[in-house]
>>> print(open('start.pdb').read())   # PDB, C-alpha atoms
ATOM      1  CA  MET A   7      55.424 -41.257 -15.839
ATOM      2  CA  GLY A   8      58.671 -42.914 -14.776
ATOM      3  CA  LYS A   9      59.263 -44.564 -11.440
ATOM      4  CA  VAL A  10      60.779 -42.822  -8.432
ATOM      5  CA  VAL A  11      63.837 -44.494  -6.892
ATOM      6  CA  MET A  12      65.429 -43.416  -3.611
ATOM      7  CA  TYR A  13      69.139 -44.174  -3.896
ATOM      8  CA  SER A  14      72.550 -43.909  -2.280
ATOM      9  CA  THR A  15      75.554 -45.906  -1.221
ATOM     10  CA  VAL A  16      75.144 -46.721   2.462
ATOM     11  CA  SER A  17      77.118 -48.236   5.330
ATOM     12  CA  VAL A  18      75.985 -51.541   6.796
ATOM     13  CA  ASP A  19      74.556 -49.614   9.760
ATOM     14  CA  GLY A  20      72.527 -47.245   7.579
ATOM     15  CA  PHE A  21      74.589 -44.065   7.125
ATOM     16  CA  ILE A  22      75.367 -42.182   3.895
ATOM     17  CA  SER A  23      78.178 -40.189   5.517
ATOM     18  CA  ASP A  24      79.688 -39.630   8.923
ATOM     19  CA  LYS A  25      78.618 -36.712  11.134
ATOM     20  CA  ASN A  26      81.156 -34.455   9.343
ATOM     21  CA  ASP A  27      79.733 -35.261   5.877
ATOM     22  CA  GLN A  28      82.732 -37.477   5.073
ATOM     23  CA  VAL A  29      81.995 -40.649   3.090
ATOM     24  CA  GLY A  30      85.169 -42.514   4.053
ATOM     25  CA  PRO A  31      85.282 -45.931   2.343
ATOM     26  CA  LEU A  32      81.635 -45.901   1.160
ATOM     27  CA  PHE A  33      82.649 -45.475  -2.463
ATOM     28  CA  ASP A  34      85.659 -47.814  -2.501
ATOM     29  CA  TRP A  35      83.583 -50.082  -4.738
ATOM     30  CA  MET A  36      83.804 -47.400  -7.438
ATOM     31  CA  SER A  37      87.571 -47.873  -7.664
ATOM     32  CA  SER A  38      87.827 -51.587  -6.954
ATOM     33  CA  GLY A  39      87.423 -53.007 -10.439
ATOM     34  CA  ASP A  40      88.726 -52.958 -13.978
ATOM     35  CA  VAL A  41      85.594 -51.895 -15.863
ATOM     36  CA  PRO A  42      85.131 -48.142 -16.529
ATOM     37  CA  LEU A  43      81.646 -47.067 -15.440
ATOM     38  CA  ASP A  44      81.583 -43.909 -17.560
ATOM     39  CA  GLU A  45      83.405 -42.284 -20.456
ATOM     40  CA  THR A  46      85.941 -40.569 -18.195
ATOM     41  CA  GLY A  47      87.400 -43.883 -17.056
ATOM     42  CA  ASP A  48      87.882 -42.393 -13.575
ATOM     43  CA  VAL A  49      85.351 -44.745 -12.003
ATOM     44  CA  LYS A  50      86.213 -48.434 -12.359
ATOM     45  CA  VAL A  51      84.036 -51.149 -10.895
ATOM     46  CA  SER A  52      83.712 -54.921 -11.018
ATOM     47  CA  GLN A  53      81.882 -56.433 -13.993
ATOM     48  CA  ALA A  54      78.915 -57.332 -11.740
ATOM     49  CA  SER A  55      78.640 -53.737 -10.523
ATOM     50  CA  TYR A  56      78.918 -52.403 -14.070
ATOM     51  CA  ASP A  57      76.200 -54.755 -15.345
ATOM     52  CA  TYR A  58      73.849 -53.461 -12.644
ATOM     53  CA  THR A  59      74.849 -49.791 -12.327
ATOM     54  CA  ARG A  60      75.312 -48.700 -15.951
ATOM     55  CA  PRO A  61      71.779 -49.677 -17.087
ATOM     56  CA  TYR A  62      70.342 -48.059 -13.940
ATOM     57  CA  TRP A  63      72.231 -44.810 -14.597
ATOM     58  CA  ASP A  64      71.054 -44.853 -18.217
ATOM     59  CA  GLN A  65      67.407 -44.913 -17.030
ATOM     60  CA  ILE A  66      67.734 -41.788 -14.861
ATOM     61  CA  GLY A  67      66.320 -38.603 -16.331
ATOM     62  CA  VAL A  68      66.394 -36.427 -13.216
ATOM     63  CA  THR A  69      68.008 -36.530  -9.794
ATOM     64  CA  VAL A  70      66.397 -34.744  -6.856
ATOM     65  CA  VAL A  71      68.771 -33.538  -4.133
ATOM     66  CA  GLY A  72      68.642 -31.213  -1.164
ATOM     67  CA  ARG A  73      70.491 -27.928  -0.996
ATOM     68  CA  HIS A  74      72.980 -29.470   1.440
ATOM     69  CA  VAL A  75      74.169 -32.003  -1.173
ATOM     70  CA  PHE A  76      74.188 -29.314  -3.850
ATOM     71  CA  ASP A  77      76.393 -27.094  -1.671
ATOM     72  CA  LEU A  78      78.715 -29.965  -0.657
ATOM     73  CA  THR A  79      79.380 -30.796  -4.309
ATOM     74  CA  ASP A  80      79.484 -27.173  -5.496
ATOM     75  CA  GLY A  81      76.651 -28.138  -7.821
ATOM     76  CA  TRP A  82      78.987 -30.515  -9.663
ATOM     77  CA  GLY A  83      80.325 -27.478 -11.490
ATOM     78  CA  GLY A  84      76.995 -26.976 -13.258
ATOM     79  CA  ARG A  85      77.107 -30.423 -14.899
ATOM     80  CA  PRO A  86      74.774 -33.096 -13.510
ATOM     81  CA  PRO A  87      76.684 -36.184 -12.332
ATOM     82  CA  GLY A  88      76.728 -39.500 -14.185
ATOM     83  CA  GLY A  89      75.381 -38.114 -17.445
ATOM     84  CA  ILE A  90      71.979 -37.299 -15.912
ATOM     85  CA  ASP A  91      69.985 -34.695 -17.838
ATOM     86  CA  HIS A  92      68.666 -32.543 -14.971
ATOM     87  CA  VAL A  93      69.018 -31.986 -11.225
ATOM     88  CA  VAL A  94      66.161 -30.628  -9.131
ATOM     89  CA  VAL A  95      67.401 -28.958  -5.948
ATOM     90  CA  VAL A  96      65.026 -28.683  -2.993
ATOM     91  CA  SER A  97      65.885 -25.399  -1.340
ATOM     92  CA  HIS A  98      64.243 -22.516   0.450
ATOM     93  CA  ARG A  99      67.095 -20.330  -0.803
ATOM     94  CA  PRO A 100      67.475 -19.059  -4.371
ATOM     95  CA  MET A 101      70.141 -20.374  -6.700
ATOM     96  CA  PRO A 102      73.627 -19.211  -5.740
ATOM     97  CA  GLU A 103      74.735 -15.805  -6.894
ATOM     98  CA  GLY A 104      76.583 -16.065 -10.203
ATOM     99  CA  TRP A 105      75.056 -19.483 -10.974
ATOM    100  CA  ASP A 106      74.579 -20.076 -14.699
ATOM    101  CA  PRO A 107      70.796 -19.989 -15.224
ATOM    102  CA  LYS A 108      71.245 -22.156 -18.336
ATOM    103  CA  ALA A 109      72.722 -25.037 -16.302
ATOM    104  CA  PRO A 110      70.215 -27.920 -16.109
ATOM    105  CA  PHE A 111      69.562 -27.340 -12.394
ATOM    106  CA  HIS A 112      66.120 -26.386 -11.133
ATOM    107  CA  PHE A 113      65.686 -24.811  -7.687
ATOM    108  CA  VAL A 114      62.306 -25.433  -6.057
ATOM    109  CA  ASP A 115      60.806 -24.861  -2.628
ATOM    110  CA  GLY A 116      59.523 -28.133  -1.113
ATOM    111  CA  ILE A 117      59.345 -31.797  -2.036
ATOM    112  CA  GLU A 118      55.939 -31.646  -3.727
ATOM    113  CA  ALA A 119      57.143 -28.954  -6.151
ATOM    114  CA  ALA A 120      60.422 -30.852  -6.616
ATOM    115  CA  MET A 121      58.679 -34.091  -7.497
ATOM    116  CA  ALA A 122      56.246 -32.378  -9.868
ATOM    117  CA  ARG A 123      59.117 -30.642 -11.681
ATOM    118  CA  ALA A 124      61.215 -33.830 -11.725
ATOM    119  CA  GLN A 125      58.375 -35.912 -13.191
ATOM    120  CA  GLU A 126      57.756 -33.254 -15.837
ATOM    121  CA  LEU A 127      61.440 -33.220 -16.832
ATOM    122  CA  ALA A 128      61.925 -37.004 -16.660
ATOM    123  CA  GLY A 129      58.865 -38.040 -18.649
ATOM    124  CA  GLU A 130      59.010 -41.842 -18.828
ATOM    125  CA  ARG A 131      62.528 -42.004 -17.399
ATOM    126  CA  THR A 132      63.412 -42.644 -13.750
ATOM    127  CA  VAL A 133      63.378 -39.908 -11.140
ATOM    128  CA  GLU A 134      66.188 -40.619  -8.695
ATOM    129  CA  VAL A 135      65.886 -39.100  -5.226
ATOM    130  CA  ALA A 136      69.078 -38.841  -3.205
ATOM    131  CA  ALA A 137      68.818 -40.618   0.129
ATOM    132  CA  GLY A 138      69.089 -38.534   3.288
ATOM    133  CA  ALA A 139      66.837 -35.752   4.526
ATOM    134  CA  VAL A 140      65.075 -35.043   1.209
ATOM    135  CA  GLY A 141      64.806 -38.731   0.311
ATOM    136  CA  GLY A 142      63.259 -39.480   3.686
ATOM    137  CA  GLN A 143      60.702 -36.702   3.184
ATOM    138  CA  VAL A 144      59.780 -38.021  -0.268
ATOM    139  CA  LEU A 145      59.421 -41.557   1.156
ATOM    140  CA  ALA A 146      57.276 -40.272   4.046
ATOM    141  CA  ALA A 147      55.032 -38.491   1.521
ATOM    142  CA  GLY A 148      54.408 -41.830  -0.230
ATOM    143  CA  LEU A 149      56.109 -40.750  -3.467
ATOM    144  CA  VAL A 150      58.891 -43.387  -3.656
ATOM    145  CA  ASP A 151      58.342 -46.525  -5.752
ATOM    146  CA  GLU A 152      61.649 -48.275  -5.016
ATOM    147  CA  VAL A 153      64.510 -48.073  -2.538
ATOM    148  CA  ALA A 154      67.942 -48.846  -4.021
ATOM    149  CA  MET A 155      71.062 -49.076  -1.914
ATOM    150  CA  ASP A 156      74.650 -49.983  -2.595
ATOM    151  CA  VAL A 157      75.704 -51.399   0.773
ATOM    152  CA  ALA A 158      79.398 -50.899   1.515
ATOM    153  CA  PRO A 159      81.157 -53.134   4.062
ATOM    154  CA  VAL A 160      81.787 -50.454   6.691
ATOM    155  CA  VAL A 161      80.177 -49.518  10.017
ATOM    156  CA  PHE A 162      80.135 -45.775  10.800
ATOM    157  CA  GLY A 163      78.392 -45.904  14.171
ATOM    158  CA  SER A 164      76.831 -42.477  13.613
ATOM    159  CA  GLY A 165      76.344 -39.929  10.877
ATOM    160  CA  LYS A 166      73.778 -38.914   8.252
ATOM    161  CA  ARG A 167      71.045 -41.544   8.020
ATOM    162  CA  TYR A 168      70.005 -43.093   4.695
ATOM    163  CA  PHE A 169      66.343 -42.441   5.471
ATOM    164  CA  GLY A 170      66.916 -39.042   7.071
ATOM    165  CA  SER A 171      64.567 -38.401   9.958
ATOM    166  CA  VAL A 172      61.830 -40.839   8.918
ATOM    167  CA  ASP A 173      60.240 -41.928  12.172
ATOM    168  CA  VAL A 174      57.366 -44.124  11.067
ATOM    169  CA  GLN A 175      57.371 -47.625   9.649
ATOM    170  CA  HIS A 176      57.373 -48.169   5.880
ATOM    171  CA  LEU A 177      57.107 -51.699   4.526
ATOM    172  CA  LEU A 178      59.204 -52.794   1.580
ATOM    173  CA  GLU A 179      58.802 -55.902  -0.542
ATOM    174  CA  ASP A 180      61.481 -58.574  -0.525
ATOM    175  CA  PRO A 181      64.504 -57.387  -2.531
ATOM    176  CA  ASP A 182      64.073 -57.964  -6.247
ATOM    177  CA  VAL A 183      67.734 -57.154  -6.920
ATOM    178  CA  VAL A 184      70.598 -58.638  -4.912
ATOM    179  CA  ILE A 185      73.968 -58.388  -6.670
ATOM    180  CA  GLN A 186      77.352 -58.966  -5.097
ATOM    181  CA  GLY A 187      80.044 -56.684  -6.486
ATOM    182  CA  THR A 188      83.554 -56.040  -5.210
ATOM    183  CA  ARG A 189      83.312 -54.048  -1.929
ATOM    184  CA  VAL A 190      79.526 -53.588  -2.402
ATOM    185  CA  LEU A 191      76.184 -55.352  -2.282
ATOM    186  CA  HIS A 192      73.595 -53.836  -4.635
ATOM    187  CA  LEU A 193      70.037 -54.110  -3.295
ATOM    188  CA  ARG A 194      66.708 -52.863  -4.591
ATOM    189  CA  TYR A 195      63.316 -53.067  -2.901
ATOM    190  CA  ARG A 196      59.874 -52.054  -4.103
ATOM    191  CA  VAL A 197      57.898 -49.968  -1.634
ATOM    192  CA  ARG A 198      54.820 -51.838  -0.457
ATOM    193  CA  ARG A 199      51.613 -49.898  -1.184
TER     194      ARG A 199
END
>>> encode(input="start.pdb", output="structure tokens")
Amino acid sequence: MGKVVMYSTVSVDGFISDKNDQVGPLFDWMSSGDVPLDETGDVKVSQASYDYTRPYWDQIGVTVVGRHVFDLTDGWGGRPPGGIDHVVVVSHRPMPEGWDPKAPFHFVDGIEAAMARAQELAGERTVEVAAGAVGGQVLAAGLVDEVAMDVAPVVFGSGKRYFGSVDVQHLLEDPDVVIQGTRVLHLRYRVRR
């Protein structure tokens, strides 16, 4: 079974978007370099960010998101982002009307079912859990192995929290990845068991 990584780009004060779901300059690092991060060439990062991010993306087999993220992105047009094979959507509502049932998106009710389905689909590859409400629930359930954050140099002051509504302490190990990119600091922590 692959590891479970909670991930997002985050402001210095711990937000993944403002209160209106706007990301502002959080993703400036994805257009601040000369190295294409994927085959489209639309995303260009510094060499340091590429050397960290591309291998991480290549390890991901499944991303778990909440219905809110799915709706905000219009389900990425039925194509998982970043070349990921599958997306598991945690939702109490069924898939949208007219949604292509052959698209590699799996709608499940609850984080336990989501994680079971994601692990089944990912096999030995990484299960990435989007930070925010669902990520916080998965962390609180003790199912996250690592916390990865791309810290952008911006302070939002308020908004959607990286850890959602987690309200109890969780200890992390010292960071085992600390990489300075252009307009970003890549950090990764193992969750202390």
>>> closest_residue(input="start.pdb", among="A:Val144, A:Met121, A:Leu149, A:Ala54", to="A:Asp40", atoms="all atoms listed in the file")
A:Ala54
>>> resolve_selection(input="start.pdb", expression="the PyMOL selection byres ((chain A and resi 67-83) around 10)", output="VMD selection string")
chain A and resid 8 10 to 13 27 63 to 66 84 to 87 89 to 102 105 to 106 109 to 114 116 to 117 120 to 121 123 to 141 144
>>> atom_distance(input="start.pdb", atom1="atom CA of A:Ser164", atom2="atom CA of A:Ser23")
8.5 Å
>>> closest_residue(input="start.pdb", among="A:Pro61, A:Asp180, A:Val160, A:Asn26", to="A:Leu193", atoms="all atoms listed in the file")
A:Asp180
>>> closest_residue(input="start.pdb", among="A:Gly142, A:Met36, A:Asp115, A:Arg60", to="A:Arg167", atoms="all atoms listed in the file")
A:Gly142
>>> atom_distance(input="start.pdb", atom1="atom CA of A:Trp35", atom2="atom CA of A:Val18")
13.9 Å
>>> resolve_selection(input="start.pdb", expression="the PyMOL selection byres ((chain A and resi 186) around 10)", output="NGL selection string")
:A and (52 or 54-55 or 58 or 156-157 or 183-185 or 187-193)
>>> resolve_selection(input="start.pdb", expression="the PyMOL selection byres ((chain A and resi 171-173) around 7)", output="NGL selection string")
:A and (139 or 142 or 146 or 169-170 or 174-175)
>>> atom_distance(input="start.pdb", atom1="atom CA of A:Ser14", atom2="atom CA of A:Arg194")
10.9 Å
>>> residues_around(input="start.pdb", residues="A:Leu178", least_positions_apart="6", cutoff="8 Å", atoms="all atoms listed in the file", output="PyMOL selection string")
chain A and resi 195-198
>>> closest_residue(input="start.pdb", among="A:Ala158, A:Val41, A:Val29, A:Ala122", to="A:Val16", atoms="all atoms listed in the file")
A:Ala158
>>> residues_around(input="start.pdb", residues="A:Phe162", least_positions_apart="4", cutoff="10 Å", atoms="all atoms listed in the file", output="PyMOL selection string")
chain A and resi 16-25+29-32+166
>>> closest_residue(input="start.pdb", among="A:Lys50, A:Leu43, A:Gln28, A:Thr15", to="A:Gly165", atoms="only C-alpha atoms")
A:Gln28
>>> decode(input="start.pdb", residues="stretch 60-86 of chain A", atoms="N, CA, C and O atoms", output="short mmCIF file (atom, residue, chain, number, x, y, z; two decimals), in the first residue's frame")
data_model
loop_
_atom_site.label_atom_id
_atom_site.label_comp_id
_atom_site.auth_asym_id
_atom_site.auth_seq_id
_atom_site.Cartn_x
_atom_site.Cartn_y
_atom_site.Cartn_z
N ARG A 60 8.08 17.46 -9.82
CA ARG A 60 7.83 16.47 -10.88
C ARG A 60 7.92 15.04 -10.34
O ARG A 60 7.01 14.23 -10.60
N PRO A 61 8.97 14.67 -9.60
CA PRO A 61 9.00 13.29 -9.07
C PRO A 61 7.84 13.01 -8.11
O PRO A 61 7.30 11.90 -8.10
N TYR A 62 7.44 14.02 -7.32
CA TYR A 62 6.30 13.84 -6.42
C TYR A 62 5.04 13.58 -7.23
O TYR A 62 4.29 12.63 -6.95
N TRP A 63 4.77 14.39 -8.24
CA TRP A 63 3.59 14.20 -9.07
C TRP A 63 3.59 12.82 -9.72
O TRP A 63 2.55 12.18 -9.85
N ASP A 64 4.77 12.35 -10.14
CA ASP A 64 4.86 11.06 -10.81
C ASP A 64 4.55 9.89 -9.88
O ASP A 64 4.23 8.80 -10.34
N GLN A 65 4.64 10.10 -8.56
CA GLN A 65 4.34 9.06 -7.58
C GLN A 65 2.85 8.95 -7.28
O GLN A 65 2.40 7.93 -6.77
N ILE A 66 2.08 9.98 -7.60
CA ILE A 66 0.67 10.02 -7.21
C ILE A 66 -0.16 9.12 -8.12
O ILE A 66 -0.13 9.25 -9.34
N GLY A 67 -0.92 8.23 -7.50
CA GLY A 67 -1.84 7.39 -8.25
C GLY A 67 -3.27 7.89 -8.17
O GLY A 67 -4.04 7.76 -9.10
N VAL A 68 -3.61 8.50 -7.02
CA VAL A 68 -4.98 8.94 -6.77
C VAL A 68 -4.93 10.22 -5.95
O VAL A 68 -4.11 10.34 -5.04
N THR A 69 -5.84 11.14 -6.25
CA THR A 69 -6.03 12.31 -5.41
C THR A 69 -7.43 12.25 -4.82
O THR A 69 -8.40 11.95 -5.53
N VAL A 70 -7.53 12.52 -3.53
CA VAL A 70 -8.81 12.56 -2.84
C VAL A 70 -9.16 14.02 -2.59
O VAL A 70 -8.35 14.77 -2.04
N VAL A 71 -10.34 14.43 -3.03
CA VAL A 71 -10.81 15.80 -2.85
C VAL A 71 -12.23 15.79 -2.31
O VAL A 71 -12.94 14.78 -2.42
N GLY A 72 -12.65 16.92 -1.79
CA GLY A 72 -14.04 17.08 -1.38
C GLY A 72 -14.89 17.55 -2.55
O GLY A 72 -14.37 17.99 -3.59
N ARG A 73 -16.18 17.49 -2.38
CA ARG A 73 -17.09 17.92 -3.45
C ARG A 73 -16.94 19.41 -3.74
O ARG A 73 -17.10 19.85 -4.88
N HIS A 74 -16.59 20.19 -2.72
CA HIS A 74 -16.41 21.63 -2.92
C HIS A 74 -15.31 21.90 -3.95
O HIS A 74 -15.51 22.68 -4.89
N VAL A 75 -14.17 21.24 -3.81
CA VAL A 75 -13.07 21.41 -4.77
C VAL A 75 -13.48 20.90 -6.14
O VAL A 75 -13.21 21.54 -7.16
N PHE A 76 -14.15 19.77 -6.18
CA PHE A 76 -14.62 19.21 -7.44
C PHE A 76 -15.52 20.23 -8.15
O PHE A 76 -15.36 20.49 -9.35
N ASP A 77 -16.47 20.82 -7.42
CA ASP A 77 -17.38 21.79 -8.02
C ASP A 77 -16.66 23.06 -8.45
O ASP A 77 -16.94 23.61 -9.53
N LEU A 78 -15.71 23.53 -7.63
CA LEU A 78 -14.96 24.76 -7.98
C LEU A 78 -14.18 24.60 -9.29
O LEU A 78 -14.04 25.55 -10.05
N THR A 79 -13.68 23.40 -9.53
CA THR A 79 -12.86 23.15 -10.72
C THR A 79 -13.66 22.59 -11.88
O THR A 79 -13.08 22.26 -12.92
N ASP A 80 -14.96 22.43 -11.70
CA ASP A 80 -15.81 21.76 -12.68
C ASP A 80 -15.25 20.38 -13.02
O ASP A 80 -15.28 19.93 -14.17
N GLY A 81 -14.72 19.72 -11.98
CA GLY A 81 -14.20 18.36 -12.17
C GLY A 81 -13.08 18.28 -13.18
O GLY A 81 -12.87 17.24 -13.79
N TRP A 82 -12.35 19.40 -13.33
CA TRP A 82 -11.23 19.47 -14.27
C TRP A 82 -11.63 18.95 -15.66
O TRP A 82 -10.83 18.37 -16.39
N GLY A 83 -12.88 19.14 -16.00
CA GLY A 83 -13.36 18.72 -17.32
C GLY A 83 -13.33 17.22 -17.52
O GLY A 83 -13.29 16.73 -18.65
N GLY A 84 -13.35 16.47 -16.41
CA GLY A 84 -13.34 15.00 -16.52
C GLY A 84 -11.95 14.41 -16.67
O GLY A 84 -11.82 13.20 -16.81
N ARG A 85 -10.92 15.25 -16.61
CA ARG A 85 -9.53 14.77 -16.72
C ARG A 85 -8.79 15.12 -15.45
O ARG A 85 -8.62 16.30 -15.13
N PRO A 86 -8.34 14.12 -14.68
CA PRO A 86 -7.63 14.41 -13.44
C PRO A 86 -6.43 15.34 -13.69
O PRO A 86 -5.75 15.22 -14.71
#
